[in-house]
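One file, model28.pdb, is given below (PDB, C-alpha atoms).
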```
ATOM      1  CA  MET A   1     -46.763 -15.047 -23.867
ATOM      2  CA  ASN A   2     -45.686 -13.092 -20.839
ATOM      3  CA  VAL A   3     -48.474 -12.768 -18.237
ATOM      4  CA  LEU A   4     -48.139 -10.168 -15.465
ATOM      5  CA  TYR A   5     -50.115  -9.752 -12.252
ATOM      6  CA  PHE A   6     -50.319  -6.661 -10.043
ATOM      7  CA  ALA A   7     -51.581  -5.700  -6.580
ATOM      8  CA  TRP A   8     -53.969  -8.243  -4.991
ATOM      9  CA  VAL A   9     -54.092 -10.301  -8.181
ATOM     10  CA  ARG A  10     -50.329 -10.820  -7.807
ATOM     11  CA  GLU A  11     -50.769 -11.649  -4.126
ATOM     12  CA  ARG A  12     -53.518 -14.214  -4.748
ATOM     13  CA  ILE A  13     -51.630 -15.957  -7.530
ATOM     14  CA  GLY A  14     -48.359 -15.692  -5.643
ATOM     15  CA  ILE A  15     -46.085 -14.583  -8.499
ATOM     16  CA  PRO A  16     -45.627 -11.285 -10.364
ATOM     17  CA  ARG A  17     -45.191 -12.778 -13.845
ATOM     18  CA  GLU A  18     -44.921 -16.009 -15.778
ATOM     19  CA  GLU A  19     -44.515 -17.325 -19.295
ATOM     20  CA  VAL A  20     -47.737 -19.008 -20.460
ATOM     21  CA  ASN A  21     -47.975 -21.236 -23.522
ATOM     22  CA  THR A  22     -51.519 -20.911 -24.726
ATOM     23  CA  GLU A  23     -53.715 -21.182 -27.800
ATOM     24  CA  ALA A  24     -56.332 -18.910 -26.212
ATOM     25  CA  ALA A  25     -57.948 -16.653 -28.822
ATOM     26  CA  THR A  26     -59.210 -13.965 -26.452
ATOM     27  CA  VAL A  27     -58.416 -12.649 -22.983
ATOM     28  CA  MET A  28     -61.515 -14.398 -21.644
ATOM     29  CA  ASP A  29     -60.318 -17.720 -23.116
ATOM     30  CA  LEU A  30     -56.997 -17.234 -21.327
ATOM     31  CA  VAL A  31     -58.817 -16.430 -18.059
ATOM     32  CA  GLU A  32     -60.845 -19.647 -18.391
ATOM     33  CA  GLU A  33     -57.637 -21.613 -18.958
ATOM     34  CA  LEU A  34     -55.923 -20.093 -15.932
ATOM     35  CA  ARG A  35     -58.974 -20.595 -13.702
ATOM     36  CA  LEU A  36     -58.818 -24.343 -14.350
ATOM     37  CA  ARG A  37     -55.155 -24.592 -13.371
ATOM     38  CA  GLU A  38     -55.282 -24.227  -9.589
ATOM     39  CA  ASP A  39     -57.393 -22.774  -6.812
ATOM     40  CA  ARG A  40     -55.202 -19.696  -6.469
ATOM     41  CA  TYR A  41     -55.948 -18.763 -10.103
ATOM     42  CA  ALA A  42     -59.649 -19.498  -9.647
ATOM     43  CA  ALA A  43     -59.608 -17.199  -6.589
ATOM     44  CA  ALA A  44     -57.813 -14.393  -8.418
ATOM     45  CA  PHE A  45     -60.131 -14.577 -11.422
ATOM     46  CA  ALA A  46     -63.370 -15.266  -9.506
ATOM     47  CA  ASP A  47     -64.909 -11.895 -10.312
ATOM     48  CA  ILE A  48     -63.897 -10.506 -13.688
ATOM     49  CA  ALA A  49     -65.864  -7.313 -13.027
ATOM     50  CA  ALA A  50     -63.309  -6.540 -10.290
ATOM     51  CA  LEU A  51     -60.388  -6.857 -12.737
ATOM     52  CA  ARG A  52     -58.834  -4.867 -15.541
ATOM     53  CA  VAL A  53     -56.622  -6.127 -18.351
ATOM     54  CA  ALA A  54     -53.905  -4.575 -20.500
ATOM     55  CA  LEU A  55     -52.492  -6.073 -23.712
ATOM     56  CA  ASP A  56     -48.983  -4.908 -24.580
ATOM     57  CA  GLN A  57     -49.408  -2.168 -21.971
ATOM     58  CA  GLU A  58     -52.681  -0.755 -23.349
ATOM     59  CA  LEU A  59     -55.934  -1.067 -21.389
ATOM     60  CA  THR A  60     -58.517  -3.175 -23.162
ATOM     61  CA  THR A  61     -61.510  -5.437 -22.532
ATOM     62  CA  PHE A  62     -61.835  -9.150 -21.796
ATOM     63  CA  ASP A  63     -63.264  -9.917 -25.234
ATOM     64  CA  ALA A  64     -60.089  -8.584 -26.928
ATOM     65  CA  SER A  65     -58.119 -10.862 -29.255
ATOM     66  CA  LEU A  66     -54.725 -12.176 -28.148
ATOM     67  CA  SER A  67     -53.479 -12.443 -31.719
ATOM     68  CA  GLY A  68     -49.924 -11.069 -31.906
ATOM     69  CA  VAL A  69     -49.953 -10.065 -28.240
ATOM     70  CA  ARG A  70     -46.702 -10.516 -26.304
ATOM     71  CA  GLU A  71     -47.642  -9.209 -22.858
ATOM     72  CA  VAL A  72     -50.892  -9.587 -20.914
ATOM     73  CA  ALA A  73     -51.373  -7.906 -17.539
ATOM     74  CA  PHE A  74     -54.164  -8.473 -15.026
ATOM     75  CA  PHE A  75     -54.823  -6.078 -12.153
ATOM     76  CA  PRO A  76     -57.536  -4.456 -10.030
ATOM     77  CA  PRO A  77     -58.974  -1.036 -10.956
ATOM     78  CA  MET A  78     -56.179   1.503 -10.657
ATOM     79  CA  THR A  79     -55.869   3.790  -7.654
ATOM     80  CA  GLY A  80     -53.376   6.475  -8.573
ATOM     81  CA  GLY A  81     -53.479  10.155  -7.782
TER      82      GLY A  81
ATOM     83  CA  MET B  82     -41.822  19.461  -5.726
ATOM     84  CA  GLY B  83     -41.369  23.202  -5.214
ATOM     85  CA  ALA B  84     -38.279  22.908  -7.380
ATOM     86  CA  GLN B  85     -40.312  21.051 -10.019
ATOM     87  CA  SER B  86     -42.899  23.853 -10.060
ATOM     88  CA  THR B  87     -40.198  26.482 -10.484
ATOM     89  CA  THR B  88     -38.507  24.567 -13.307
ATOM     90  CA  PHE B  89     -41.878  24.099 -15.016
ATOM     91  CA  ALA B  90     -42.724  27.811 -14.721
ATOM     92  CA  ASP B  91     -39.284  28.825 -16.003
ATOM     93  CA  GLY B  92     -39.889  26.768 -19.156
ATOM     94  CA  VAL B  93     -43.155  28.500 -20.083
ATOM     95  CA  ARG B  94     -42.329  32.190 -20.063
ATOM     96  CA  GLU B  95     -45.196  33.076 -22.424
ATOM     97  CA  ALA B  96     -47.913  31.441 -20.293
ATOM     98  CA  GLY B  97     -50.096  33.836 -18.317
ATOM     99  CA  ALA B  98     -51.601  31.068 -16.202
ATOM    100  CA  ILE B  99     -49.890  28.209 -14.401
ATOM    101  CA  VAL B 100     -51.800  25.697 -12.298
ATOM    102  CA  THR B 101     -50.025  23.171 -10.116
ATOM    103  CA  PHE B 102     -51.674  20.534  -7.965
ATOM    104  CA  SER B 103     -49.890  18.288  -5.470
ATOM    105  CA  GLY B 104     -51.413  15.236  -3.805
ATOM    106  CA  ARG B 105     -50.144  14.029  -0.428
ATOM    107  CA  VAL B 106     -50.513  10.827   1.592
ATOM    108  CA  ARG B 107     -53.501  11.147   3.944
ATOM    109  CA  ASP B 108     -53.679   9.579   7.367
ATOM    110  CA  VAL B 109     -56.305   6.862   7.936
ATOM    111  CA  PRO B 110     -58.388   5.924  11.009
ATOM    112  CA  GLY B 111     -56.123   3.957  13.304
ATOM    113  CA  GLY B 112     -53.009   5.688  11.991
ATOM    114  CA  LEU B 113     -51.122   5.047   8.777
ATOM    115  CA  ASP B 114     -47.646   3.531   9.139
ATOM    116  CA  VAL B 115     -46.717   3.404   5.471
ATOM    117  CA  MET B 116     -48.338   3.759   2.078
ATOM    118  CA  GLU B 117     -46.958   1.481  -0.613
ATOM    119  CA  ILE B 118     -47.582   2.334  -4.236
ATOM    120  CA  GLU B 119     -47.113  -0.431  -6.774
ATOM    121  CA  HIS B 120     -46.920   0.369 -10.474
ATOM    122  CA  TYR B 121     -46.498  -1.285 -13.852
ATOM    123  CA  PRO B 122     -43.091  -0.247 -15.219
ATOM    124  CA  GLY B 123     -43.344   0.468 -18.917
ATOM    125  CA  MET B 124     -47.097   0.928 -19.000
ATOM    126  CA  THR B 125     -46.813   3.689 -16.392
ATOM    127  CA  GLU B 126     -44.605   5.820 -18.633
ATOM    128  CA  ARG B 127     -46.843   5.180 -21.647
ATOM    129  CA  ALA B 128     -50.028   6.019 -19.718
ATOM    130  CA  LEU B 129     -48.645   9.240 -18.215
ATOM    131  CA  THR B 130     -47.320  10.388 -21.598
ATOM    132  CA  GLN B 131     -50.675   9.580 -23.231
ATOM    133  CA  ILE B 132     -52.656  11.458 -20.575
ATOM    134  CA  ALA B 133     -50.433  14.533 -20.904
ATOM    135  CA  THR B 134     -50.599  14.343 -24.720
ATOM    136  CA  ASP B 135     -54.408  14.147 -24.580
ATOM    137  CA  ALA B 136     -54.518  17.234 -22.345
ATOM    138  CA  MET B 137     -52.243  19.143 -24.737
ATOM    139  CA  ALA B 138     -54.558  18.222 -27.630
ATOM    140  CA  ARG B 139     -57.793  19.200 -25.867
ATOM    141  CA  TRP B 140     -56.784  22.481 -24.291
ATOM    142  CA  SER B 141     -54.707  25.350 -25.457
ATOM    143  CA  LEU B 142     -51.648  24.632 -23.322
ATOM    144  CA  GLU B 143     -48.051  25.681 -23.569
ATOM    145  CA  ASP B 144     -46.958  22.694 -21.516
ATOM    146  CA  ALA B 145     -48.197  19.991 -19.140
ATOM    147  CA  LEU B 146     -46.332  17.987 -16.518
ATOM    148  CA  VAL B 147     -47.325  14.828 -14.643
ATOM    149  CA  ILE B 148     -45.221  13.302 -11.843
ATOM    150  CA  HIS B 149     -46.276  10.275  -9.788
ATOM    151  CA  ARG B 150     -44.190   8.572  -7.122
ATOM    152  CA  HIS B 151     -44.147   4.871  -6.282
ATOM    153  CA  GLY B 152     -42.706   2.717  -3.526
ATOM    154  CA  ARG B 153     -42.961   3.372   0.196
ATOM    155  CA  LEU B 154     -44.291   6.733   1.391
ATOM    156  CA  ALA B 155     -45.186   8.140   4.817
ATOM    157  CA  LYS B 156     -48.222  10.235   5.715
ATOM    158  CA  GLY B 157     -47.813  13.803   4.536
ATOM    159  CA  ASP B 158     -45.383  12.783   1.766
ATOM    160  CA  LEU B 159     -46.113  14.080  -1.692
ATOM    161  CA  ILE B 160     -47.519  11.367  -3.977
ATOM    162  CA  MET B 161     -47.974  13.205  -7.221
ATOM    163  CA  MET B 162     -48.174  16.532  -8.943
ATOM    164  CA  VAL B 163     -49.617  17.896 -12.142
ATOM    165  CA  ALA B 164     -48.820  21.245 -13.690
ATOM    166  CA  THR B 165     -50.349  23.021 -16.663
ATOM    167  CA  ALA B 166     -49.402  26.261 -18.359
ATOM    168  CA  ALA B 167     -51.738  28.197 -20.630
ATOM    169  CA  ARG B 168     -52.347  31.688 -21.886
ATOM    170  CA  HIS B 169     -55.494  31.915 -19.734
ATOM    171  CA  ARG B 170     -56.503  30.304 -16.447
ATOM    172  CA  LYS B 171     -59.594  28.406 -17.722
ATOM    173  CA  ASP B 172     -57.514  26.113 -19.924
ATOM    174  CA  ALA B 173     -54.925  25.664 -17.171
ATOM    175  CA  PHE B 174     -57.481  24.776 -14.467
ATOM    176  CA  GLU B 175     -59.584  22.454 -16.635
ATOM    177  CA  ALA B 176     -56.593  20.614 -18.037
ATOM    178  CA  ALA B 177     -55.168  20.144 -14.529
ATOM    179  CA  GLU B 178     -58.460  18.590 -13.361
ATOM    180  CA  PHE B 179     -58.517  16.347 -16.431
ATOM    181  CA  LEU B 180     -54.948  15.199 -15.685
ATOM    182  CA  MET B 181     -55.912  14.462 -12.066
ATOM    183  CA  ASP B 182     -59.056  12.536 -12.982
ATOM    184  CA  TYR B 183     -57.192  10.374 -15.494
ATOM    185  CA  LEU B 184     -54.250   9.847 -13.180
ATOM    186  CA  LYS B 185     -56.602   8.413 -10.548
ATOM    187  CA  SER B 186     -58.265   5.792 -12.748
ATOM    188  CA  ARG B 187     -56.223   5.237 -15.912
ATOM    189  CA  ALA B 188     -52.594   5.210 -14.822
ATOM    190  CA  PRO B 189     -51.357   1.827 -13.527
ATOM    191  CA  PHE B 190     -50.764   2.598  -9.853
ATOM    192  CA  TRP B 191     -52.151   0.666  -6.881
ATOM    193  CA  LYS B 192     -52.051   2.037  -3.356
ATOM    194  CA  ARG B 193     -51.772  -0.107  -0.258
ATOM    195  CA  GLU B 194     -52.235   1.311   3.240
ATOM    196  CA  ILE B 195     -50.292  -0.329   6.037
ATOM    197  CA  THR B 196     -51.525   0.255   9.599
ATOM    198  CA  ALA B 197     -51.041  -1.512  12.928
ATOM    199  CA  ASP B 198     -54.029  -3.707  11.928
ATOM    200  CA  GLY B 199     -52.453  -4.926   8.700
ATOM    201  CA  ALA B 200     -52.247  -4.003   5.036
ATOM    202  CA  ASP B 201     -55.187  -3.086   2.781
ATOM    203  CA  TRP B 202     -55.293  -2.335  -0.918
ATOM    204  CA  VAL B 203     -57.125   0.927  -1.504
ATOM    205  CA  ALA B 204     -60.321   0.236  -3.451
ATOM    206  CA  ALA B 205     -61.209   2.290  -6.503
ATOM    207  CA  THR B 206     -64.404   4.285  -6.042
ATOM    208  CA  ASP B 207     -67.367   4.790  -8.383
ATOM    209  CA  ALA B 208     -66.855   8.534  -7.884
ATOM    210  CA  ASP B 209     -63.361   8.280  -9.384
ATOM    211  CA  GLU B 210     -64.699   6.397 -12.400
ATOM    212  CA  ASP B 211     -67.676   8.778 -12.765
ATOM    213  CA  ALA B 212     -65.303  11.743 -12.759
ATOM    214  CA  LEU B 213     -64.023  10.618 -16.186
ATOM    215  CA  LYS B 214     -67.476  10.994 -17.750
ATOM    216  CA  ARG B 215     -67.137  14.745 -17.422
ATOM    217  CA  TRP B 216     -64.458  14.674 -20.098
TER     218      TRP B 216
END
```

Written as structure tokens, how would this file's structure read?
Amino acid sequence: MNVLYFAWVRERIGIPREEVNTEAATVMDLVEELRLREDRYAAAFADIAALRVALDQELTTFDASLSGVREVAFFPPMTGG
Amino acid sequence: MGAQSTTFADGVREAGAIVTFSGRVRDVPGGLDVMEIEHYPGMTERALTQIATDAMARWSLEDALVIHRHGRLAKGDLIMMVATAARHRKDAFEAAEFLMDYLKSRAPFWKREITADGADWVAATDADEDALKRW
């Protein structure tokens, strides 16, 4: 699936998007997988409370299922307006 | 955005009340060089459409408009505007505040302030999140 990163999450990981082959069932499972990859992922995902996630461009929660999902995006709380 | 306001007003001839709100880039201690606004193409359009649709469903509005800029902006530049048109002012004012509150915390934009000291991502505040509870 396509995984996107924005704002300081993108900066910490060092790339804006990547294709990830995963069997993760939920967002949290995917986060655990990414954390184990490299330090930069562990740093970006150190505090889940400081992150938000969208599945196929809809905001959701970290316990959401990844079944059928094509695009996952991780980012800090939004600061529009 | 004056032109946007005029176009919006011209499209809602029956509305007795039109509220427009514009947000501009504020200066910061130490002096702001540039504000950069990152966004999530695709989700941004969906989120703004959803927020405007929700406002139309909750209040008796003739129309609602949401505009948000992204990229590099200087202090004093306009960042965003919302406009609402209703028969009466209460609906127009409330819906405009609703649009603003949701735009701040539920539309995928991230602001970064660049000063002589470096670049800092603007942190979301509890007050912004709390503002949503009103709705």

Quick check on the file I pasted: which residues fall under the PyMOL selection byres ((chain A) within 8 of (chain B))? Write them as a list in words.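 After applying the PyMOL selection byres ((chain A) within 8 of (chain B)), what remains is Phe6, Ala7, Trp8, Gln57, Glu58, Pro77, Met78, Thr79, Gly80 and Gly81 of chain A.
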
Using the chain letters and numbers from the file, give me the residues hit by the PyMOL selection byres ((chain A and resi 37-52) around 8), as a ChimeraX atom specification. /A:9,12-14,31,33-36,53-54,59-61,74-77

Please return the centre and edge lengths, in Å to one decimal, of a box with edges along x, y and z that contains all listed atoms of range 16-22 of chain A, widened by 4 Å on every side, as lines of an AutoDock Vina configuration file.
```
center_x = -48.0
center_y = -16.3
center_z = -17.5
size_x = 15.0
size_y = 18.0
size_z = 22.4
```

I need the residue set behind the PyMOL selection byres ((chain A and resi 19) around 6) for this file; please write it as a list of chain:residue names. A:Met1, A:Asn2, A:Glu18, A:Val20

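Within 10 Å of the point (-47.0, -10.4, -27.7), and counting all atoms listed in the file, the protein, DNA and RNA residues are Met1, Asn2, Val3, Leu55, Asp56, Leu66, Ser67, Gly68, Val69, Arg70, Glu71 and Val72 of chain A.
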
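For the residues B:Gly112, B:Arg107, B:Glu95, B:Arg139, ranking by smallest atom-to-atom distance to Leu159 in chain B using all atoms listed in the file places B:Arg107 first.
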
State, in Å with one decimal place, the distance from CA of Glu117 in chain B to CA of Phe102 in chain B.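 Between these atoms lies a distance of 21.0 Å.
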
Which residues are near Gly111 in chain B? Cut-off 12 Å, only C-alpha atoms, ignore same chain within fewer than 4 positions. Put them as a short mmCIF file (atom, residue, chain, number, x, y, z; two decimals) with C-alpha atoms, in the coordinates of the input.
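Here's the written file result.cif:
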```
data_model
loop_
_atom_site.label_atom_id
_atom_site.label_comp_id
_atom_site.auth_asym_id
_atom_site.auth_seq_id
_atom_site.Cartn_x
_atom_site.Cartn_y
_atom_site.Cartn_z
CA GLU B 194 -52.24 1.31 3.24
CA ILE B 195 -50.29 -0.33 6.04
CA THR B 196 -51.52 0.26 9.60
CA ALA B 197 -51.04 -1.51 12.93
CA ASP B 198 -54.03 -3.71 11.93
CA GLY B 199 -52.45 -4.93 8.70
#
```

Ranking B:Val109, B:Ile132, B:Val115, B:Leu146 by minimum distance to Val93 in chain B and counting all atoms listed in the file, which one comes first?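 Selected residue with least distance to Val93 in chain B: B:Leu146.
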